[in-house]
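Colleague: Sharing a structure with you now.
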Amino acid sequence: MALPLALLVAPASGAPPARADAAAQGPPKAARTPPTVTTSLFAPRGFALAGVAEVDTIDGPRKVLVPRMAAASLYDYRLRTRDGGEEYGPAARSLTPRGDVTLYPTRFSGCIEGLLCVAFSPEGLPAPPVIPPFVFMTRVSAEQALVTSDVIVTDGLRLDAS
(Lines give C-alpha, C1' and ligand atoms only; values in the text may rest on other atoms or scores of the structure.)
Protein backbone atom coordinates (compact mmCIF):
# COMPACT_ATOMS: atom_id res chain seq x y z
CA MET A 1 0.00 0.00 0.00
CA ALA A 2 1.80 2.26 0.25
CA LEU A 3 4.43 3.94 -1.34
CA PRO A 4 6.46 5.79 -2.90
CA LEU A 5 8.86 3.56 -1.05
CA ALA A 6 12.35 4.66 -0.11
CA LEU A 7 14.50 1.66 0.67
CA LEU A 8 17.29 2.58 3.04
CA VAL A 9 20.38 0.40 2.92
CA ALA A 10 22.88 0.27 5.76
CA PRO A 11 26.38 1.42 4.82
CA ALA A 12 29.01 -1.26 4.16
CA SER A 13 30.34 -0.76 7.69
CA GLY A 14 27.22 -2.44 9.04
CA ALA A 15 26.21 0.68 10.96
CA PRO A 16 22.50 1.52 10.84
CA PRO A 17 21.53 4.34 8.48
CA ALA A 18 21.25 7.82 9.98
CA ARG A 19 17.67 8.87 10.60
CA ALA A 20 16.16 12.32 10.98
CA ASP A 21 13.37 12.96 13.45
CA ALA A 22 10.36 12.58 11.12
CA ALA A 23 7.95 14.09 13.64
CA ALA A 24 9.92 17.33 13.74
CA GLN A 25 10.13 17.56 9.93
CA GLY A 26 6.55 16.51 9.14
CA PRO A 27 5.72 14.26 6.20
CA PRO A 28 7.97 14.40 3.13
CA LYS A 29 6.69 15.94 -0.12
CA ALA A 30 4.24 13.80 -2.06
CA ALA A 31 4.34 13.00 -5.76
CA ARG A 32 2.48 15.31 -8.15
CA THR A 33 0.13 12.44 -9.11
CA PRO A 34 -0.36 9.84 -6.35
CA PRO A 35 0.44 6.30 -7.51
CA THR A 36 -2.24 3.63 -7.28
CA VAL A 37 -1.63 0.78 -4.87
CA THR A 38 -3.65 -2.43 -5.13
CA THR A 39 -3.68 -5.43 -2.83
CA SER A 40 -5.93 -8.48 -2.56
CA LEU A 41 -5.88 -8.34 1.27
CA PHE A 42 -5.14 -5.50 3.70
CA ALA A 43 -5.01 -6.49 7.39
CA PRO A 44 -4.09 -3.56 9.68
CA ARG A 45 -3.11 -3.95 13.33
CA GLY A 46 -3.76 -1.14 15.77
CA PHE A 47 -5.67 0.90 13.18
CA ALA A 48 -6.93 4.42 13.96
CA LEU A 49 -8.08 7.14 11.60
CA ALA A 50 -6.18 10.25 12.71
CA GLY A 51 -8.25 12.55 10.49
CA VAL A 52 -7.75 14.60 7.35
CA ALA A 53 -4.60 16.62 6.62
CA GLU A 54 -2.76 18.24 3.74
CA VAL A 55 0.53 17.04 2.29
CA ASP A 56 2.82 19.21 0.21
CA THR A 57 3.34 18.44 -3.47
CA ILE A 58 5.18 20.35 -6.17
CA ASP A 59 1.74 21.65 -7.25
CA GLY A 60 0.77 22.77 -3.74
CA PRO A 61 -1.10 21.10 -0.88
CA ARG A 62 -3.28 18.02 -1.42
CA LYS A 63 -5.94 16.76 1.02
CA VAL A 64 -5.39 13.24 2.34
CA LEU A 65 -6.78 10.85 4.92
CA VAL A 66 -4.39 10.01 7.75
CA PRO A 67 -4.82 6.44 9.03
CA ARG A 68 -2.20 5.25 11.51
CA MET A 69 -1.40 1.76 12.69
CA ALA A 70 1.23 -0.37 14.40
CA ALA A 71 1.55 -2.66 11.36
CA ALA A 72 -0.32 -3.96 8.34
CA SER A 73 -0.12 -7.05 6.15
CA LEU A 74 -0.73 -6.59 2.42
CA TYR A 75 -0.88 -9.50 -0.02
CA ASP A 76 -0.50 -9.39 -3.82
CA TYR A 77 0.81 -5.83 -3.51
CA ARG A 78 1.28 -3.67 -6.65
CA LEU A 79 2.15 0.00 -7.07
CA ARG A 80 1.55 1.80 -10.37
CA THR A 81 2.17 5.42 -11.20
CA ARG A 82 -0.50 7.23 -13.17
CA ASP A 83 1.82 9.26 -15.37
CA GLY A 84 0.91 7.42 -18.58
CA GLY A 85 3.09 5.31 -20.83
CA GLU A 86 4.71 1.96 -20.19
CA GLU A 87 6.74 1.76 -16.99
CA TYR A 88 7.90 -0.50 -14.20
CA GLY A 89 6.47 -0.60 -10.70
CA PRO A 90 7.18 -2.57 -7.53
CA ALA A 91 5.12 -5.64 -6.72
CA ALA A 92 5.39 -8.25 -3.95
CA ARG A 93 3.66 -11.40 -2.71
CA SER A 94 3.46 -9.64 0.64
CA LEU A 95 4.43 -6.29 2.10
CA THR A 96 4.40 -5.54 5.83
CA PRO A 97 5.02 -2.02 7.13
CA ARG A 98 5.72 -2.04 10.90
CA GLY A 99 6.38 0.46 13.64
CA ASP A 100 4.97 3.94 13.42
CA VAL A 101 2.98 3.42 10.18
CA THR A 102 1.10 6.37 8.68
CA LEU A 103 -0.69 6.29 5.34
CA TYR A 104 -1.60 9.41 3.37
CA PRO A 105 -4.17 8.27 0.76
CA THR A 106 -6.19 10.66 -1.39
CA ARG A 107 -8.63 7.81 -2.03
CA PHE A 108 -9.01 4.36 -0.45
CA SER A 109 -11.54 1.65 -1.34
CA GLY A 110 -12.04 -2.01 -0.56
CA CYS A 111 -14.41 -4.60 0.84
CA ILE A 112 -14.57 -4.93 4.64
CA GLU A 113 -14.14 -8.62 5.49
CA GLY A 114 -14.76 -9.23 1.77
CA LEU A 115 -18.47 -8.34 2.14
CA LEU A 116 -19.21 -4.63 2.47
CA CYS A 117 -17.46 -2.56 -0.19
CA VAL A 118 -16.76 1.05 0.77
CA ALA A 119 -14.78 4.03 -0.47
CA PHE A 120 -13.00 6.60 1.69
CA SER A 121 -11.82 10.06 0.68
CA PRO A 122 -10.98 13.28 2.52
CA GLU A 123 -14.20 14.82 1.19
CA GLY A 124 -16.63 12.12 2.29
CA LEU A 125 -16.07 9.47 4.91
CA PRO A 126 -18.67 6.70 5.23
CA ALA A 127 -19.95 5.97 8.73
CA PRO A 128 -18.25 4.66 10.77
CA PRO A 129 -14.95 6.18 9.59
CA VAL A 130 -12.73 4.02 11.87
CA ILE A 131 -12.12 0.36 11.01
CA PRO A 132 -11.62 -1.82 14.12
CA PRO A 133 -8.16 -3.44 14.33
CA PHE A 134 -9.51 -7.00 13.83
CA VAL A 135 -11.13 -6.21 10.48
CA PHE A 136 -9.47 -6.91 7.16
CA MET A 137 -10.26 -5.57 3.70
CA THR A 138 -10.11 -7.30 0.32
CA ARG A 139 -9.81 -5.87 -3.20
CA VAL A 140 -8.15 -2.70 -1.93
CA SER A 141 -7.23 0.15 -4.27
CA ALA A 142 -5.71 3.37 -3.00
CA GLU A 143 -4.29 6.54 -4.46
CA GLN A 144 -1.39 6.69 -2.04
CA ALA A 145 0.27 10.10 -1.74
CA LEU A 146 2.75 8.94 0.93
CA VAL A 147 3.56 6.22 3.43
CA THR A 148 5.83 6.53 6.42
CA SER A 149 6.94 3.52 8.42
CA ASP A 150 9.78 2.48 10.70
CA VAL A 151 10.34 -0.77 8.77
CA ILE A 152 8.90 -2.35 5.61
CA VAL A 153 9.39 -6.09 5.09
CA THR A 154 8.59 -7.72 1.75
CA ASP A 155 8.40 -11.22 0.35
CA GLY A 156 8.89 -11.72 -3.37
CA LEU A 157 9.70 -8.09 -4.18
CA ARG A 158 10.06 -7.54 -7.94
CA LEU A 159 9.59 -4.93 -10.67
CA ASP A 160 6.68 -5.55 -13.02
CA ALA A 161 6.05 -3.82 -16.34
CA SER A 162 2.74 -2.03 -16.65
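Here's how to read the names in the C-alpha coordinates: chain A, B, ... by the order shown, residue numbers from 1 in each chain, ligand numbers from 1 in the order shown.
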Identify, on the basis of only C-alpha atoms, every residue whose closest approach to Val135 of chain A does not exceed 12 Å; exclude the query and any residue fewer than 3 positions from it along the same chain; express the result as a PyMOL selection string.

Modeller: chain A and resi 41-48+72-73+110-116+130-132+138

Colleague: If you count only C-alpha atoms, which residues fall within 10 Å of segment 78-88 of chain A, apart from same-chain ones fewer than 3 positions away, as a CSV table (one decimal) with N, CA and C atoms, in the first residue's frame?

Modeller:
```csv
chain,number,residue,atom,x,y,z
A,1,MET,N,0.8,-1.1,0.0
A,1,MET,CA,0.0,0.0,0.0
A,1,MET,C,0.8,1.2,0.0
A,2,ALA,N,1.4,1.1,-0.1
A,2,ALA,CA,1.8,2.3,0.3
A,2,ALA,C,3.1,2.7,-0.2
A,3,LEU,N,3.2,3.3,-1.1
A,3,LEU,CA,4.4,3.9,-1.3
A,3,LEU,C,4.2,5.2,-2.1
A,4,PRO,N,5.1,6.0,-2.5
A,4,PRO,CA,6.5,5.8,-2.9
A,4,PRO,C,7.3,5.2,-1.7
A,5,LEU,N,8.1,4.3,-2.1
A,5,LEU,CA,8.9,3.6,-1.1
A,5,LEU,C,10.3,3.9,-1.2
A,31,ALA,N,4.2,12.9,-4.3
A,31,ALA,CA,4.3,13.0,-5.8
A,31,ALA,C,3.2,13.9,-6.3
A,32,ARG,N,3.5,14.5,-7.5
A,32,ARG,CA,2.5,15.3,-8.1
A,32,ARG,C,1.2,14.5,-8.4
A,33,THR,N,1.3,13.3,-8.9
A,33,THR,CA,0.1,12.4,-9.1
A,33,THR,C,0.3,11.2,-8.2
A,34,PRO,N,-0.5,11.0,-7.2
A,34,PRO,CA,-0.4,9.8,-6.4
A,34,PRO,C,-0.4,8.5,-7.1
A,35,PRO,N,0.5,7.6,-6.9
A,35,PRO,CA,0.4,6.3,-7.5
A,35,PRO,C,-0.7,5.5,-7.0
A,36,THR,N,-1.2,4.5,-7.7
A,36,THR,CA,-2.2,3.6,-7.3
A,36,THR,C,-1.6,2.4,-6.7
A,37,VAL,N,-2.1,2.0,-5.5
A,37,VAL,CA,-1.6,0.8,-4.9
A,37,VAL,C,-2.8,-0.2,-4.8
A,38,THR,N,-2.6,-1.4,-5.2
A,38,THR,CA,-3.7,-2.4,-5.1
A,38,THR,C,-3.1,-3.6,-4.3
A,39,THR,N,-4.0,-4.3,-3.6
A,39,THR,CA,-3.7,-5.4,-2.8
A,39,THR,C,-4.9,-6.3,-2.7
A,40,SER,N,-4.8,-7.6,-2.7
A,40,SER,CA,-5.9,-8.5,-2.6
A,40,SER,C,-6.4,-8.6,-1.1
A,74,LEU,N,-0.1,-6.8,3.7
A,74,LEU,CA,-0.7,-6.6,2.4
A,74,LEU,C,-0.3,-7.8,1.6
A,75,TYR,N,-1.2,-8.4,0.8
A,75,TYR,CA,-0.9,-9.5,0.0
A,75,TYR,C,-1.2,-9.2,-1.5
A,91,ALA,N,6.2,-4.7,-7.1
A,91,ALA,CA,5.1,-5.6,-6.7
A,91,ALA,C,5.7,-6.6,-5.7
A,92,ALA,N,4.9,-7.3,-4.9
A,92,ALA,CA,5.4,-8.3,-4.0
A,92,ALA,C,4.3,-9.2,-3.6
A,93,ARG,N,4.7,-10.5,-3.2
A,93,ARG,CA,3.7,-11.4,-2.7
A,93,ARG,C,3.1,-10.8,-1.4
A,94,SER,N,4.0,-10.3,-0.6
A,94,SER,CA,3.5,-9.6,0.6
A,94,SER,C,4.3,-8.4,1.0
A,95,LEU,N,3.7,-7.5,1.7
A,95,LEU,CA,4.4,-6.3,2.1
A,95,LEU,C,3.9,-6.0,3.5
A,141,SER,N,-7.9,-0.7,-3.3
A,141,SER,CA,-7.2,0.1,-4.3
A,141,SER,C,-7.1,1.5,-3.6
A,142,ALA,N,-5.9,2.1,-3.7
A,142,ALA,CA,-5.7,3.4,-3.0
A,142,ALA,C,-4.8,4.3,-3.9
A,143,GLU,N,-5.2,5.5,-3.9
A,143,GLU,CA,-4.3,6.5,-4.5
A,143,GLU,C,-3.5,7.0,-3.3
A,144,GLN,N,-2.2,6.6,-3.2
A,144,GLN,CA,-1.4,6.7,-2.0
A,144,GLN,C,-0.4,7.8,-2.2
A,157,LEU,N,9.7,-9.4,-3.6
A,157,LEU,CA,9.7,-8.1,-4.2
A,157,LEU,C,10.3,-8.2,-5.6
A,158,ARG,N,9.6,-7.5,-6.5
A,158,ARG,CA,10.1,-7.5,-7.9
A,158,ARG,C,9.6,-6.3,-8.6
A,159,LEU,N,10.1,-6.0,-9.8
A,159,LEU,CA,9.6,-4.9,-10.7
A,159,LEU,C,8.8,-5.5,-11.8
A,160,ASP,N,7.6,-5.1,-12.0
A,160,ASP,CA,6.7,-5.5,-13.0
A,160,ASP,C,6.5,-4.4,-14.0
A,161,ALA,N,6.4,-4.8,-15.3
A,161,ALA,CA,6.0,-3.8,-16.3
A,161,ALA,C,4.5,-3.6,-16.3
A,162,SER,N,4.2,-2.3,-16.6
A,162,SER,CA,2.7,-2.0,-16.6
A,162,SER,C,2.2,-2.3,-18.0
```

Colleague: Between atom CA of Asp100 of chain A and atom CA of Asp59 of chain A, what is the distance, to one decimal in Å?

Modeller: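 Answer for the atom CA of Asp100 of chain A to atom CA of Asp59 of chain A separation: 27.4 Å.
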
Colleague: Mind pulling up the distance from atom CA of Ala119 of chain A to atom CA of Ala53 of chain A?

Modeller: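 Straight-line distance from atom CA of Ala53 of chain A to atom CA of Ala119 of chain A works out to 17.7 Å.
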
Colleague: Which one is closest to Val55 of chain A: A:Cys117, A:Met69, A:Ile152, A:Ala145? Count only C-alpha atoms.

Modeller: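 Of A:Cys117, A:Met69, A:Ile152, A:Ala145, the one nearest Val55 of chain A is A:Ala145, counting only C-alpha atoms.
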
Colleague: Report the distance between atom CA of Gly99 of chain A and atom CA of Glu54 of chain A in Å, rounded to one decimal place.

Modeller: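 Distance reported for this atom pair: 22.3 Å.
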
Colleague: With only C-alpha atoms as the basis for distance, which of A:Ala71, A:Ala30, A:Tyr77, A:Gly60 is at the shortest distance from Thr96 of chain A?

Modeller: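 Comparing A:Ala71, A:Ala30, A:Tyr77, A:Gly60 against Thr96 of chain A, the winner is A:Ala71.
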
Colleague: From the set A:Val153, A:Val118, A:Ile58, A:Leu65, which residue has the shortest atom-to-atom contact distance to Met137 of chain A, counting only C-alpha atoms?

Modeller: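 Residue with the minimum atom-to-atom distance to Met137 of chain A: A:Val118.
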
Colleague: Can you work out which one of A:Arg139, A:Pro67, A:Thr106, A:Pro97 has the shortest atom-to-atom distance to Glu123 of chain A, counting only C-alpha atoms?

Modeller: A:Thr106

Colleague: With distances taken over only C-alpha atoms, which residue among A:Asp150, A:Pro122, A:Leu103, A:Val140 lies nearest Val52 of chain A?

Modeller: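 The closest residue to Val52 of chain A is A:Pro122.
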